[in-house]
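A.B. asks: Dropping a structure here in structure tokens format, bear with me for questions.
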Amino acid sequence: MSQAFHHFAISTPNMERAVAFYRDLLGLEEISRTSWPAGSLQINQVLGLEDSAATQVMLQGRNICLELFQFSLPETQPEEGERPVNRHGITHFCLDVKGIDELYERLLQAGVRFHAPPQHLGTVKATYARDPDGNVFELQEIL
């Protein structure tokens with residue numbers, strides 16, 4: 001029986017850029033870092049890959065973790081364009097924040113791309129943005 005969400009994961013072509021974004025700009029804490037070489041049978045079985053090698057970083061927020069992967073094997077081709085939020089699959093993840101307007105301005109100054117400024121939506125104020133790899137995340141302040 002499932003009891004809670006523990007983490008979600010993102011694959012990135014640039015680990016240090018992704019860690020800097022989620023740790024330094026959004027305030028998540030790095031709690032572990034590891035890697036595995038090609039030929040790691042058990043990991044390949046779990047991932048459903050024939051042969052993989054990667055670095056993995058786990059970041060933690062108040063109530064959920066974010067796992068980042070940078071694969072060196074197998075080689076991947078970048079997708080063309082950005083994945084729209086209406087495509088089937090995971091569309092975005094949401095971070096609860098305090099002081100959304102100030103955070104929005106700070107992230108905007110750091111070059112983060114937003115779909116719109118924070119909007120009042122009844123009991124929340126929210127906006128969508130893109131991380132350095134184009135993944136969509138939501139900032140939400142419960143009012």
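Identifiers in this document derive from the order of the structure tokens: chains are assigned A, B, ..., residues are numbered from 1 separately in each chain, and ligands are numbered from 1 in order of occurrence.
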I'd like to know which residues of segment 11-129 of chain A are helix (DSSP H, G or I) (by DSSP, run on the backbone); could you write them as a ChimeraX atom specification?

C.D. replies: /A:15-25,41-47,100-109

A.B. asks: Fewer than 6 positions away in the same chain doesn't count, so skip those; otherwise give me all residues within 8 Å of Cys65 of chain A, counting only C-alpha atoms, as a list in words.

C.D. replies: His6, His7, Phe8, Met58 and Leu59 of chain A

A.B. asks: Pick the closest to Ala9 of chain A from A:Pro132, A:Ser35, A:Leu108, A:Gln60: which is it, counting only C-alpha atoms?

C.D. replies: A:Gln60

A.B. asks: Can you list, as a PyMOL selection string, every protein, DNA or RNA residue that comes within 12 Å of Asp96 of chain A when you count only C-alpha atoms, leaving out same-chain residues fewer than 5 positions away?

C.D. replies: chain A and resi 26-27+61-64+103+124-127+137-143

A.B. asks: For atom CA of Phe5 of chain A and atom CA of Thr76 of chain A, quote the distance in Å rounded to one decimal.

C.D. replies: 27.8 Å

A.B. asks: May I ask which of the residues A:Pro74, A:Gly111, A:Gly99, A:Gly81 is the closest one to Leu49 of chain A, counting only C-alpha atoms?

C.D. replies: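 Answer, going by the shortest atom-to-atom distance: A:Pro74.
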
A.B. asks: So what do you get for atom CA of Glu79 of chain A versus atom CA of Leu41 of chain A, distance-wise?

C.D. replies: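 Separation of atom CA of Glu79 of chain A and atom CA of Leu41 of chain A: 27.6 Å.
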
A.B. asks: Skip Thr34 of chain A itself and residues of its chain fewer than 5 positions away, then list as a list in words all residues within 10 Å of it, counting only C-alpha atoms.

C.D. replies: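 The neighbour list is Ala54, Thr55, Gln56, Val57, Met58 and Phe69 of chain A.
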
A.B. asks: Write out, as a compact mmCIF listing (two decimals), in the first residue's frame, the residues just selected, with N, CA, C and O atoms.

C.D. replies:
```txt
# COMPACT_ATOMS: atom_id res chain seq x y z
N ALA A 54 25.77 6.52 -15.18
CA ALA A 54 25.20 7.82 -14.87
C ALA A 54 25.72 8.33 -13.54
O ALA A 54 26.27 7.59 -12.73
N THR A 55 25.48 9.63 -13.34
CA THR A 55 25.64 10.28 -12.05
C THR A 55 24.24 10.60 -11.56
O THR A 55 23.36 10.97 -12.35
N GLN A 56 24.03 10.45 -10.25
CA GLN A 56 22.72 10.70 -9.65
C GLN A 56 22.90 11.61 -8.45
O GLN A 56 23.82 11.42 -7.65
N VAL A 57 22.05 12.62 -8.35
CA VAL A 57 22.04 13.53 -7.20
C VAL A 57 20.63 13.57 -6.65
O VAL A 57 19.66 13.70 -7.41
N MET A 58 20.50 13.46 -5.33
CA MET A 58 19.20 13.57 -4.67
C MET A 58 19.17 14.89 -3.92
O MET A 58 20.07 15.21 -3.15
N PHE A 69 19.39 12.81 -12.75
CA PHE A 69 20.28 11.86 -13.41
C PHE A 69 20.98 12.55 -14.57
O PHE A 69 20.33 13.28 -15.33
```

A.B. asks: From the list A:Ile10, A:Ala4, A:Tyr128, A:Asp51, which residue is nearest Leu68 of chain A when using only C-alpha atoms?

C.D. replies: A:Ile10

A.B. asks: Compare A:Leu25, A:Arg83, A:Thr12, A:Ile90 by their minimum atom-to-atom distance to Tyr104 of chain A, counting only C-alpha atoms, and give me the closest one.

C.D. replies: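 Closest to Tyr104 of chain A of all the choices is A:Leu25.
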
A.B. asks: Could you work out how far atom CA of Asn135 of chain A lies from atom CA of Arg87 of chain A, giving the answer in Å with one decimal?

C.D. replies: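 Between atom CA of Arg87 of chain A and atom CA of Asn135 of chain A the gap is 12.5 Å.
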
A.B. asks: Please provide the set of residues having any atom within 8 Å of Pro37 of chain A, restricted to only C-alpha atoms, with same-chain residues fewer than 3 positions apart removed, written as a list in words.

C.D. replies: Ser40, Ser52, Ala53 and Ala54 of chain A

A.B. asks: I'd like the contact shell of Leu107 of chain A - 10 Å cut-off, only C-alpha atoms, skipping same-chain residues fewer than 6 positions apart - returned as a list in words.

C.D. replies: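 These residues fall inside the cut-off: Phe21, Leu25, Leu26, Asp101, Arg113, Phe114 and Ala129 of chain A.
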
A.B. asks: Please write the residues from the selection above to a file, keeping C-alpha atoms, as a PDB file, in the first residue's frame.

C.D. replies:
```pdb
ATOM      1  CA  PHE A  21      19.291  25.670 -10.443  1.00  0.00           C
ATOM      2  CA  LEU A  25      17.970  29.215  -6.981  1.00  0.00           C
ATOM      3  CA  LEU A  26      15.080  27.177  -5.556  1.00  0.00           C
ATOM      4  CA  ASP A 101       6.311  37.748  -6.101  1.00  0.00           C
ATOM      5  CA  ARG A 113      11.750  31.672 -18.316  1.00  0.00           C
ATOM      6  CA  PHE A 114       8.166  32.027 -17.043  1.00  0.00           C
ATOM      7  CA  ALA A 129       8.259  28.319 -15.451  1.00  0.00           C
TER       8      ALA A 129
END
```

A.B. asks: What parts of segment 8-143 of chain A does DSSP call strand (DSSP E)? I'd like the answer as a ChimeraX atom specification.

C.D. replies: /A:8-11,29-36,53-60,65-73,93-96,113-114,119-120,124-130,136-142

A.B. asks: Let's have the selection written as a compact mmCIF listing (two decimals), in the first residue's frame, with N, CA and C atoms.

C.D. replies:
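Written file, selection-v9.txt:
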```txt
# COMPACT_ATOMS: atom_id res chain seq x y z
N PHE A 8 10.52 12.58 -7.28
CA PHE A 8 10.35 12.52 -8.73
C PHE A 8 11.74 12.70 -9.31
N ALA A 9 11.93 12.30 -10.56
CA ALA A 9 13.27 12.33 -11.15
C ALA A 9 13.26 13.03 -12.49
N ILE A 10 14.37 13.68 -12.77
CA ILE A 10 14.57 14.38 -14.03
C ILE A 10 15.93 13.97 -14.58
N SER A 11 15.98 13.65 -15.86
CA SER A 11 17.25 13.39 -16.54
C SER A 11 17.71 14.70 -17.16
N GLU A 29 17.99 21.10 -0.83
CA GLU A 29 19.25 20.70 -0.22
C GLU A 29 19.77 19.42 -0.87
N GLU A 30 21.04 19.42 -1.27
CA GLU A 30 21.65 18.20 -1.81
C GLU A 30 21.91 17.24 -0.66
N ILE A 31 21.34 16.01 -0.75
CA ILE A 31 21.50 15.06 0.35
C ILE A 31 22.33 13.84 -0.05
N SER A 32 22.51 13.59 -1.34
CA SER A 32 23.39 12.50 -1.75
C SER A 32 23.81 12.68 -3.20
N ARG A 33 24.94 12.07 -3.53
CA ARG A 33 25.47 12.08 -4.89
C ARG A 33 26.19 10.76 -5.10
N THR A 34 25.89 10.09 -6.20
CA THR A 34 26.53 8.82 -6.50
C THR A 34 26.61 8.65 -8.01
N SER A 35 27.31 7.63 -8.44
CA SER A 35 27.36 7.30 -9.85
C SER A 35 27.54 5.80 -9.98
N TRP A 36 27.28 5.28 -11.19
CA TRP A 36 27.53 3.87 -11.45
C TRP A 36 28.14 3.73 -12.82
N ALA A 53 25.23 4.10 -17.63
CA ALA A 53 26.21 4.68 -16.71
C ALA A 53 25.72 6.09 -16.44
N ALA A 54 25.77 6.52 -15.18
CA ALA A 54 25.20 7.82 -14.87
C ALA A 54 25.72 8.33 -13.54
N THR A 55 25.48 9.63 -13.34
CA THR A 55 25.64 10.28 -12.05
C THR A 55 24.24 10.60 -11.56
N GLN A 56 24.03 10.45 -10.25
CA GLN A 56 22.72 10.70 -9.65
C GLN A 56 22.90 11.61 -8.45
N VAL A 57 22.05 12.62 -8.35
CA VAL A 57 22.04 13.53 -7.20
C VAL A 57 20.63 13.57 -6.65
N MET A 58 20.50 13.46 -5.33
CA MET A 58 19.20 13.57 -4.67
C MET A 58 19.17 14.89 -3.92
N LEU A 59 18.13 15.66 -4.19
CA LEU A 59 17.90 16.94 -3.53
C LEU A 59 16.61 16.81 -2.71
N GLN A 60 16.56 17.53 -1.60
CA GLN A 60 15.39 17.40 -0.72
C GLN A 60 14.79 18.75 -0.42
N CYS A 65 11.48 14.77 -2.41
CA CYS A 65 12.83 14.83 -2.96
C CYS A 65 12.78 14.91 -4.48
N LEU A 66 13.82 15.48 -5.06
CA LEU A 66 14.02 15.54 -6.50
C LEU A 66 15.31 14.78 -6.79
N GLU A 67 15.21 13.79 -7.69
CA GLU A 67 16.37 13.01 -8.09
C GLU A 67 16.77 13.44 -9.49
N LEU A 68 18.04 13.79 -9.64
CA LEU A 68 18.57 14.19 -10.94
C LEU A 68 19.50 13.11 -11.46
N PHE A 69 19.39 12.81 -12.75
CA PHE A 69 20.28 11.86 -13.41
C PHE A 69 20.98 12.55 -14.57
N GLN A 70 22.27 12.30 -14.73
CA GLN A 70 22.97 12.65 -15.96
C GLN A 70 23.57 11.35 -16.49
N PHE A 71 23.00 10.84 -17.58
CA PHE A 71 23.45 9.59 -18.17
C PHE A 71 24.59 9.84 -19.15
N SER A 72 25.65 9.05 -19.01
CA SER A 72 26.70 9.04 -20.03
C SER A 72 26.45 7.89 -21.00
N LEU A 73 25.72 6.87 -20.56
CA LEU A 73 25.28 5.76 -21.40
C LEU A 73 23.86 5.39 -21.00
N PHE A 93 5.66 19.74 -12.17
CA PHE A 93 5.62 19.50 -10.73
C PHE A 93 5.51 20.86 -10.07
N CYS A 94 5.00 20.88 -8.85
CA CYS A 94 4.70 22.14 -8.18
C CYS A 94 5.49 22.26 -6.88
N LEU A 95 6.02 23.45 -6.64
CA LEU A 95 6.71 23.76 -5.40
C LEU A 95 5.89 24.79 -4.63
N ASP A 96 5.55 24.48 -3.37
CA ASP A 96 4.91 25.47 -2.51
C ASP A 96 5.97 26.46 -2.07
N ARG A 113 12.84 31.35 -17.39
CA ARG A 113 11.75 31.67 -18.32
C ARG A 113 10.41 31.28 -17.70
N PHE A 114 9.51 32.24 -17.59
CA PHE A 114 8.17 32.03 -17.04
C PHE A 114 7.14 32.10 -18.15
N GLN A 119 -0.15 34.65 -10.95
CA GLN A 119 -1.55 35.01 -11.15
C GLN A 119 -2.36 34.63 -9.91
N HIS A 120 -3.30 35.51 -9.53
CA HIS A 120 -4.25 35.19 -8.45
C HIS A 120 -5.28 34.22 -9.00
N VAL A 124 -4.99 30.54 -4.28
CA VAL A 124 -3.56 30.45 -4.53
C VAL A 124 -3.12 31.52 -5.51
N LYS A 125 -1.84 31.80 -5.48
CA LYS A 125 -1.19 32.62 -6.49
C LYS A 125 -0.15 31.72 -7.11
N ALA A 126 -0.14 31.61 -8.46
CA ALA A 126 0.71 30.61 -9.10
C ALA A 126 1.23 31.06 -10.45
N THR A 127 2.31 30.40 -10.88
CA THR A 127 2.86 30.60 -12.21
C THR A 127 3.61 29.35 -12.63
N TYR A 128 3.78 29.16 -13.92
CA TYR A 128 4.59 28.08 -14.48
C TYR A 128 5.89 28.68 -15.02
N ALA A 129 6.96 27.91 -14.92
CA ALA A 129 8.26 28.32 -15.45
C ALA A 129 8.96 27.09 -16.02
N ARG A 130 10.12 27.31 -16.64
CA ARG A 130 10.91 26.21 -17.21
C ARG A 130 12.29 26.20 -16.58
N VAL A 136 8.85 21.85 -17.11
CA VAL A 136 7.92 22.81 -16.53
C VAL A 136 7.75 22.54 -15.04
N PHE A 137 7.84 23.62 -14.25
CA PHE A 137 7.54 23.54 -12.83
C PHE A 137 6.63 24.70 -12.47
N GLU A 138 5.84 24.49 -11.44
CA GLU A 138 4.91 25.51 -10.97
C GLU A 138 5.40 26.03 -9.63
N LEU A 139 5.28 27.32 -9.44
CA LEU A 139 5.46 27.93 -8.12
C LEU A 139 4.07 28.30 -7.65
N GLN A 140 3.75 27.92 -6.42
CA GLN A 140 2.42 28.17 -5.87
C GLN A 140 2.53 28.69 -4.46
N GLU A 141 1.85 29.80 -4.20
CA GLU A 141 1.75 30.30 -2.83
C GLU A 141 0.30 30.19 -2.41
N ILE A 142 0.04 29.43 -1.36
CA ILE A 142 -1.33 29.29 -0.85
C ILE A 142 -1.62 30.55 -0.05
```

A.B. asks: With distances taken over only C-alpha atoms, which of A:Tyr22, A:Gly134, A:Gly39, A:Met1 is nearest to Thr91 of chain A?

C.D. replies: A:Gly134

A.B. asks: Tell me which of A:Asp133, A:Thr123, A:Pro117, A:Val19 sits closest to Glu82 of chain A, counting only C-alpha atoms.

C.D. replies: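 So, comparing all the options, the nearest one is A:Asp133.
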